[in-house]
Structure formats: C-alpha cells, structure tokens
$ cat start39.csv   # CSV, C-alpha atoms
chain,number,residue,atom,x,y,z
F,1,THR,CA,-57.5,-133.1,-3.5
F,2,ASN,CA,-56.1,-130.2,-1.4
F,3,HIS,CA,-56.1,-132.5,1.7
F,4,LEU,CA,-54.3,-135.2,-0.3
F,5,SER,CA,-51.6,-132.8,-1.5
F,6,LYS,CA,-51.0,-131.5,2.0
F,7,LYS,CA,-50.7,-135.0,3.3
F,8,THR,CA,-48.3,-136.0,0.5
F,9,SER,CA,-46.1,-133.0,1.1
F,10,ALA,CA,-46.1,-133.8,4.9
F,11,MET,CA,-45.0,-137.3,4.1
F,12,ALA,CA,-42.1,-136.0,2.0
F,13,THR,CA,-40.4,-134.8,5.3
F,14,VAL,CA,-40.8,-138.0,7.2
F,15,THR,CA,-37.6,-139.6,8.4
F,16,TRP,CA,-37.4,-143.4,8.0
F,17,ILE,CA,-35.2,-145.6,10.2
F,18,TYR,CA,-33.8,-148.8,8.7
F,19,HIS,CA,-33.8,-151.7,11.1
F,20,GLU,CA,-33.0,-155.2,9.8
F,21,ARG,CA,-34.2,-158.0,12.1
F,22,GLN,CA,-32.2,-161.1,13.1
F,23,GLU,CA,-31.9,-163.9,10.6
F,24,ALA,CA,-29.8,-167.0,11.3
F,25,ALA,CA,-26.4,-165.9,12.7
F,26,LEU,CA,-26.1,-163.0,10.3
F,27,CYS,CA,-26.1,-160.2,12.9
F,28,GLY,CA,-22.7,-158.9,11.6
F,29,GLN,CA,-24.4,-158.2,8.3
F,30,HIS,CA,-27.5,-156.7,9.9
F,31,ALA,CA,-25.2,-154.5,12.1
F,32,LEU,CA,-23.5,-153.1,9.1
F,33,ASN,CA,-26.7,-152.6,7.1
F,34,ASN,CA,-28.4,-150.9,10.0
F,35,LEU,CA,-25.3,-148.7,10.5
F,36,VAL,CA,-25.3,-147.4,6.9
F,37,GLN,CA,-29.2,-147.5,6.7
F,38,ALA,CA,-29.3,-149.6,3.6
F,39,ALA,CA,-29.2,-153.2,2.5
F,40,SER,CA,-25.7,-152.7,1.2
F,41,PHE,CA,-24.0,-155.9,2.5
F,42,THR,CA,-25.0,-159.4,1.5
F,43,PRO,CA,-23.8,-162.6,3.3
F,44,ASN,CA,-22.1,-163.8,0.1
F,45,ALA,CA,-20.1,-160.6,-0.3
F,46,LEU,CA,-19.0,-160.7,3.4
F,47,ALA,CA,-18.1,-164.4,3.1
F,48,GLU,CA,-16.0,-163.6,0.1
F,49,LEU,CA,-14.2,-160.8,2.0
F,50,ALA,CA,-13.6,-163.3,4.9
F,51,GLN,CA,-12.0,-165.7,2.4
F,52,GLN,CA,-9.8,-162.9,0.9
F,53,LEU,CA,-8.6,-161.9,4.4
F,54,ASP,CA,-7.9,-165.5,5.3
F,55,MET,CA,-5.7,-165.8,2.2
F,56,MET,CA,-3.9,-162.6,3.0
F,57,GLU,CA,-3.2,-163.7,6.6
F,58,LEU,CA,-1.9,-167.1,5.4
F,59,SER,CA,0.2,-165.5,2.7
F,60,TYR,CA,1.7,-163.2,5.3
F,61,MET,CA,2.5,-166.1,7.7
F,62,SER,CA,4.1,-168.2,4.9
F,63,ASN,CA,6.4,-165.3,4.0
F,64,ASN,CA,7.2,-164.1,7.5
F,65,ASN,CA,7.3,-167.3,9.7
F,66,GLU,CA,10.4,-169.3,9.9
F,67,GLY,CA,9.7,-172.5,8.0
F,68,GLY,CA,7.0,-170.8,5.8
F,69,THR,CA,4.1,-173.1,5.0
F,70,ARG,CA,5.7,-175.9,7.1
F,71,SER,CA,5.9,-173.8,10.3
F,72,LYS,CA,3.9,-174.9,13.3
F,73,ASP,CA,1.9,-171.7,13.4
F,74,TYR,CA,1.0,-171.9,9.7
F,75,ILE,CA,-0.2,-175.5,9.9
F,76,GLN,CA,-2.2,-174.8,13.0
F,77,ARG,CA,-3.8,-171.8,11.4
F,78,VAL,CA,-4.8,-173.9,8.3
F,79,ALA,CA,-6.2,-176.6,10.6
F,80,GLU,CA,-8.3,-174.1,12.5
F,81,GLY,CA,-10.1,-173.1,9.4
F,82,SER,CA,-11.3,-169.5,8.7
F,83,GLY,CA,-10.4,-166.9,11.3
F,84,ASN,CA,-12.9,-164.5,9.7
F,85,VAL,CA,-16.1,-166.4,9.3
F,86,ASP,CA,-17.4,-169.5,11.2
F,87,GLU,CA,-19.7,-172.3,10.0
F,88,GLN,CA,-22.7,-170.4,11.4
F,89,GLY,CA,-21.9,-167.2,9.4
F,90,ASN,CA,-20.5,-165.1,12.2
F,91,PHE,CA,-18.0,-162.6,10.8
F,92,SER,CA,-14.9,-161.1,12.4
F,93,ILE,CA,-14.3,-157.4,13.1
F,94,GLU,CA,-11.8,-157.4,10.2
F,95,VAL,CA,-14.5,-158.5,7.8
F,96,LEU,CA,-16.8,-155.7,9.0
F,97,ARG,CA,-14.0,-153.2,8.8
F,98,ALA,CA,-13.0,-154.2,5.3
F,99,GLY,CA,-16.6,-154.1,4.1
F,100,LEU,CA,-17.2,-150.6,5.5
F,101,MET,CA,-13.9,-149.3,4.1
F,102,ASN,CA,-14.4,-150.9,0.6
F,103,GLN,CA,-18.0,-149.6,0.1
F,104,TYR,CA,-18.0,-146.4,2.1
F,105,GLY,CA,-14.3,-145.4,2.7
F,106,LEU,CA,-15.0,-145.4,6.5
F,107,SER,CA,-12.9,-146.9,9.3
F,108,LEU,CA,-14.2,-148.6,12.4
F,109,PRO,CA,-11.7,-148.2,15.3
F,110,ASN,CA,-12.3,-149.4,18.8
F,111,ILE,CA,-13.6,-146.5,20.9
F,112,ARG,CA,-10.9,-147.2,23.5
F,113,GLN,CA,-8.2,-146.8,21.0
F,114,GLU,CA,-6.0,-143.7,21.7
F,115,ASN,CA,-7.2,-140.4,20.2
F,116,VAL,CA,-10.3,-142.0,18.7
F,117,LEU,CA,-12.5,-139.5,20.5
F,118,LEU,CA,-9.9,-136.7,20.5
F,119,ASP,CA,-11.7,-133.3,21.1
F,120,MET,CA,-15.1,-135.1,20.7
F,121,ASP,CA,-17.9,-136.0,23.0
F,122,VAL,CA,-19.5,-139.4,22.7
F,123,THR,CA,-22.7,-137.6,21.5
F,124,ASP,CA,-20.8,-136.2,18.5
F,125,VAL,CA,-20.2,-139.7,17.1
F,126,ASP,CA,-22.3,-140.8,14.0
F,127,GLY,CA,-22.6,-144.4,14.9
F,128,PHE,CA,-21.3,-147.4,16.9
F,129,VAL,CA,-21.0,-151.1,16.4
F,130,CYS,CA,-21.0,-153.3,19.5
F,131,ASN,CA,-19.7,-156.8,19.7
F,132,ARG,CA,-19.6,-159.6,22.3
F,133,GLN,CA,-18.7,-163.1,21.2
F,134,SER,CA,-20.7,-163.7,18.1
F,135,HIS,CA,-23.3,-161.0,18.5
F,136,TRP,CA,-23.1,-157.6,16.7
F,137,PHE,CA,-25.4,-154.6,16.7
F,138,ALA,CA,-25.4,-151.0,15.7
F,139,ILE,CA,-26.3,-147.7,17.4
F,140,ARG,CA,-26.9,-144.9,15.0
F,141,LYS,CA,-27.5,-141.1,15.2
F,142,LEU,CA,-30.3,-140.2,12.8
F,143,ASN,CA,-32.0,-136.9,12.5
F,144,GLY,CA,-30.3,-135.8,15.8
F,145,ARG,CA,-31.5,-138.8,17.8
F,146,TYR,CA,-29.6,-142.0,18.8
F,147,TRP,CA,-31.2,-145.4,18.1
F,148,ASN,CA,-30.3,-148.8,19.2
F,149,LEU,CA,-30.7,-150.9,16.1
F,150,ASN,CA,-30.0,-154.3,17.6
F,151,SER,CA,-31.4,-156.9,15.2
F,152,THR,CA,-32.8,-158.9,18.1
F,153,LEU,CA,-35.1,-156.0,19.0
F,154,GLU,CA,-38.7,-155.8,17.8
F,155,ARG,CA,-38.2,-152.2,16.6
F,156,PRO,CA,-35.6,-149.5,16.9
F,157,LYS,CA,-35.2,-148.2,20.5
F,158,GLN,CA,-34.3,-144.6,21.2
F,159,ILE,CA,-31.4,-143.7,23.4
F,160,SER,CA,-31.3,-140.1,24.8
F,161,HIS,CA,-28.1,-138.1,24.5
F,162,PHE,CA,-28.0,-138.1,28.3
F,163,GLN,CA,-28.2,-141.9,28.5
F,164,LEU,CA,-25.7,-142.6,25.6
F,165,ALA,CA,-22.4,-142.5,27.5
F,166,THR,CA,-23.8,-144.6,30.3
F,167,GLU,CA,-25.2,-147.1,27.9
F,168,ILE,CA,-21.9,-147.4,26.0
F,169,GLU,CA,-20.0,-147.8,29.3
F,170,SER,CA,-22.5,-150.5,30.5
F,171,TYR,CA,-21.9,-152.5,27.3
F,172,GLN,CA,-18.2,-152.3,27.8
F,173,ASN,CA,-18.6,-153.5,31.4
F,174,ASP,CA,-20.7,-156.4,30.1
F,175,GLY,CA,-17.8,-157.5,27.9
F,176,TYR,CA,-18.7,-155.8,24.7
F,177,SER,CA,-16.1,-154.2,22.4
F,178,VAL,CA,-17.4,-150.9,21.0
F,179,PHE,CA,-16.3,-149.6,17.7
F,180,CYS,CA,-17.3,-146.3,16.2
F,181,VAL,CA,-17.6,-144.2,13.0
F,182,ASN,CA,-17.1,-140.6,14.1
F,183,SER,CA,-18.6,-139.0,10.9
F,184,GLY,CA,-19.3,-139.6,7.3
F,185,LEU,CA,-22.2,-142.2,7.5
F,186,PRO,CA,-25.0,-141.8,4.9
F,187,ALA,CA,-27.7,-139.3,5.8
F,188,PRO,CA,-31.1,-140.7,7.0
F,189,CYS,CA,-33.7,-141.6,4.5
F,190,GLN,CA,-36.2,-138.7,4.1
F,191,ASN,CA,-37.8,-139.4,0.7
F,192,LYS,CA,-39.6,-142.3,-1.0
F,193,SER,CA,-36.9,-143.0,-3.5
F,194,GLY,CA,-34.5,-143.6,-0.6
F,195,LEU,CA,-36.7,-146.4,0.6
F,196,GLN,CA,-35.5,-148.5,-2.3
F,197,ARG,CA,-32.2,-148.9,-0.4
F,198,GLY,CA,-33.8,-151.6,1.7
F,199,LEU,CA,-36.8,-153.9,2.3
F,200,ALA,CA,-40.1,-152.0,3.0
F,201,LYS,CA,-40.8,-154.0,6.2
F,202,PHE,CA,-37.5,-152.8,7.8
F,203,TRP,CA,-38.2,-149.0,7.4
F,204,TRP,CA,-39.8,-147.4,10.4
F,205,ASN,CA,-41.5,-144.1,10.6
F,206,GLU,CA,-39.4,-142.0,13.0
F,207,ASP,CA,-42.4,-139.9,14.4
F,208,ASP,CA,-44.3,-143.1,15.3
F,209,LEU,CA,-41.3,-144.5,17.1
F,210,VAL,CA,-40.6,-141.2,19.0
F,211,GLN,CA,-44.3,-141.2,20.1
F,212,ASN,CA,-43.9,-144.9,21.1
F,213,LYS,CA,-47.0,-145.9,19.1
F,214,THR,CA,-47.8,-149.5,19.5
F,215,ASN,CA,-48.9,-149.6,15.8
F,216,ALA,CA,-45.9,-147.7,14.5
F,217,MET,CA,-45.8,-147.6,10.8
F,218,THR,CA,-43.3,-149.2,8.5
F,219,ALA,CA,-42.9,-148.4,4.8
F,220,ALA,CA,-44.7,-151.7,4.1
F,221,THR,CA,-47.8,-150.6,6.1
F,222,ASP,CA,-47.7,-146.9,5.1
F,223,PRO,CA,-51.2,-146.1,3.7
F,224,TRP,CA,-49.7,-143.3,1.6
F,225,LYS,CA,-46.9,-145.2,0.1
F,226,ASP,CA,-48.4,-145.2,-3.4
F,227,VAL,CA,-49.7,-141.6,-3.4
F,228,GLY,CA,-48.1,-139.0,-5.6
F,229,SER,CA,-44.9,-140.9,-6.4
F,230,GLY,CA,-45.9,-142.9,-9.5
F,231,MET,CA,-43.3,-145.4,-8.5
F,232,ARG,CA,-43.5,-148.8,-6.8
F,233,MET,CA,-41.0,-150.1,-4.3
F,234,ASP,CA,-39.3,-152.1,-7.0
F,235,GLY,CA,-38.6,-148.9,-8.9
F,236,LYS,CA,-41.1,-149.5,-11.7
F,237,SER,CA,-43.9,-147.1,-12.6
F,238,THR,CA,-47.3,-147.8,-10.9
F,239,SER,CA,-48.7,-147.9,-14.4
F,240,ALA,CA,-46.4,-150.7,-15.5
F,241,ARG,CA,-48.1,-154.1,-15.9
$ encode --input "start39.csv" --output "structure tokens"
Amino acid sequence: TNHLSKKTSAMATVTWIYHERQEAALCGQHALNNLVQAASFTPNALAELAQQLDMMELSYMSNNNEGGTRSKDYIQRVAEGSGNVDEQGNFSIEVLRAGLMNQYGLSLPNIRQENVLLDMDVTDVDGFVCNRQSHWFAIRKLNGRYWNLNSTLERPKQISHFQLATEIESYQNDGYSVFCVNSGLPAPCQNKSGLQRGLAKFWWNEDDLVQNKTNAMTAATDPWKDVGSGMRMDGKSTSAR
C-alpha cells in the first residue's frame, strides 16, 4: 500500500502535454486546441464564427462601397464564397483570432508586427501559431519547455530555448506567417481532473517525451490512471454502473 501511495503521489506531479493529431483538413482547429491545451474549439463552432465574419465583411462592404450591394467588389466577394472557411474546412487567421479572443480574451498578432515583442525575447513568449497556405500548427511553452505540437507529427517534439529563434526564423523563410500569444495561455495540465479537458489518447506524459522513450505513455495507456482518483475519464465515479 505504501508503494502504491508513493506512486500515486508521484503521478500527481506529472505534467501532461495535449497534442491533437491531424484529422481531415482541420489543422486550424487542432492548432488552437493544442495552443490552449484543451479540446475547446469544435469545427462547428469555428465554422459558425467564419459565417459571422463573412456576414460582417459583406455588411461593411455594402455600407462603405459605392453602389452598395450592386458594387463590383461586393458581387465578386459574394461569388467567391466564404473568405473565412473553404470547402475542406480550412479556417482563416481571422477565425482563429476571433475564437481565441471570444473564449480566452487573448489576441494573436503577427510576430513581425511592430512592438509585438517589445522588451521581450522570443523565449519569453507563451505560444506561437504558424501558418502556410492551408496548414496551421502550434508551438507552446509548457512547464518551461517549448514543444512543437504540429498535428501531423506522431508526438510532441521538444524545441530547446537555444533552437527556438532559429526555428521560428526558418519557418518564416519557408513562407510561414508566425503569430504569437505573449502571455496568458492556460497553465499545463498537472492533475487527473485536468485530463478531462481533452481526449485521453492525446495527452502525453512529459517525462517520457523528454527522455525520448519509444513507448512514451499517454493518458490512455497510463497504468495508474484509475488509481486513487475514484473518477473515470468521463467524470463519473468508478463505482458508477
């Protein structure tokens, strides 16, 4: 029993890293969820935001363009369809920005924007979102370490503080736009109740990743996941039938 309680107490201090994997063309959704370390954004909610932004843009054009809804620009914009989500489910930066602002009150400026990194080093930044064409991915500082949480990767990939500036610069040289959240992102998950913010298979044990274990543990494969908590991943008691 003593061994069990020691193990359970050690597990309480484990940091878990959330890393959604690629599904369809929903990398914008995965990038946001990986950035905030929770399954906070759904495709439907983001598509609804895209629709609202389209309506606002069209309304602005109809009120400010000469000719209103009969202007050439307005007619062309309507013919082009949504400017904020395409048929494959790729979302625009405006959708990601609106989602992050609505749910977390955080802005997502381009890192090259004036004064964005004023009096800050790149290694002071909480998180980044990188975009090229229709691909989005997040880089996040968790527990003092940076992780590439690209949804096309098999697992989160650590980036040293020393490598970070070079890596960001190389993305920009490759045609990526890099956006950032300087501070205010949710703290990393360090307890079992926090694991309910996302699917068990997407939570990775930080220690295993740092040690580069080939059989790194996820919350789904954690042999201690049911010890001492009395709760299941769906939030119900383990005694519930």
$ closest_residue --input "start39.csv" --among "F:Pro156, F:Pro43, F:Cys189, F:Phe179" --to "Glu23 of chain F" --atoms "only C-alpha atoms"
F:Pro43
$ atom_distance --input "start39.csv" --atom1 "atom CA of Met217 of chain F" --atom2 "atom CA of Gly28 of chain F"
25.7 Å
$ residues_near_point --input "start39.csv" --point "(-31.5, -139.2, 10.5)" --cutoff "6 Å" --atoms "only C-alpha atoms" --output "list in words"
Leu142, Asn143 and Pro188 of chain F
$ atom_distance --input "start39.csv" --atom1 "atom CA of Ile111 of chain F" --atom2 "atom CA of Ser177 of chain F"
8.2 Å
$ residues_around --input "start39.csv" --residues "Arg145 of chain F" --least-positions-apart "3" --cutoff "12 Å" --atoms "all atoms listed in the file" --output "number ranges by chain"
F: 15, 17, 123-127, 139-142, 148, 156-164, 188, 206-207, 209-210
$ atom_distance --input "start39.csv" --atom1 "atom CA of Phe137 of chain F" --atom2 "atom CA of Leu149 of chain F"
6.5 Å
$ residues_around --input "start39.csv" --residues "Ala98 of chain F" --least-positions-apart "6" --cutoff "9 Å" --atoms "only C-alpha atoms" --output "list in words"
Leu49, Leu53 and Ser107 of chain F
$ residues_around --input "start39.csv" --residues "Gln172 of chain F" --least-positions-apart "5" --cutoff "12 Å" --atoms "all atoms listed in the file" --output "ChimeraX atom specification"
/F:110-112,129-132,165-167,177-179
$ closest_residue --input "start39.csv" --among "F:Arg21, F:Leu199, F:Cys180, F:Trp16" --to "Asn150 of chain F" --atoms "only C-alpha atoms"
F:Arg21
$ closest_residue --input "start39.csv" --among "F:Thr218, F:Gln103, F:Asn90, F:Gln37" --to "Trp203 of chain F" --atoms "only C-alpha atoms"
F:Thr218
$ closest_residue --input "start39.csv" --among "F:Cys27, F:Ala219, F:Leu100, F:Ala45" --to "Asn191 of chain F" --atoms "all atoms listed in the file"
F:Ala219
$ residues_near_point --input "start39.csv" --point "(-21.3, -160.1, 24.9)" --cutoff "7 Å" --atoms "all atoms listed in the file" --output "number ranges by chain"
F: 131-133, 135, 174-176
$ closest_residue --input "start39.csv" --among "F:Asn215, F:Thr42, F:Thr13, F:Asn182" --to "Pro109 of chain F" --atoms "all atoms listed in the file"
F:Asn182
$ closest_residue --input "start39.csv" --among "F:Tyr104, F:Trp136, F:Met55, F:Gln113" --to "Ser92 of chain F" --atoms "all atoms listed in the file"
F:Trp136
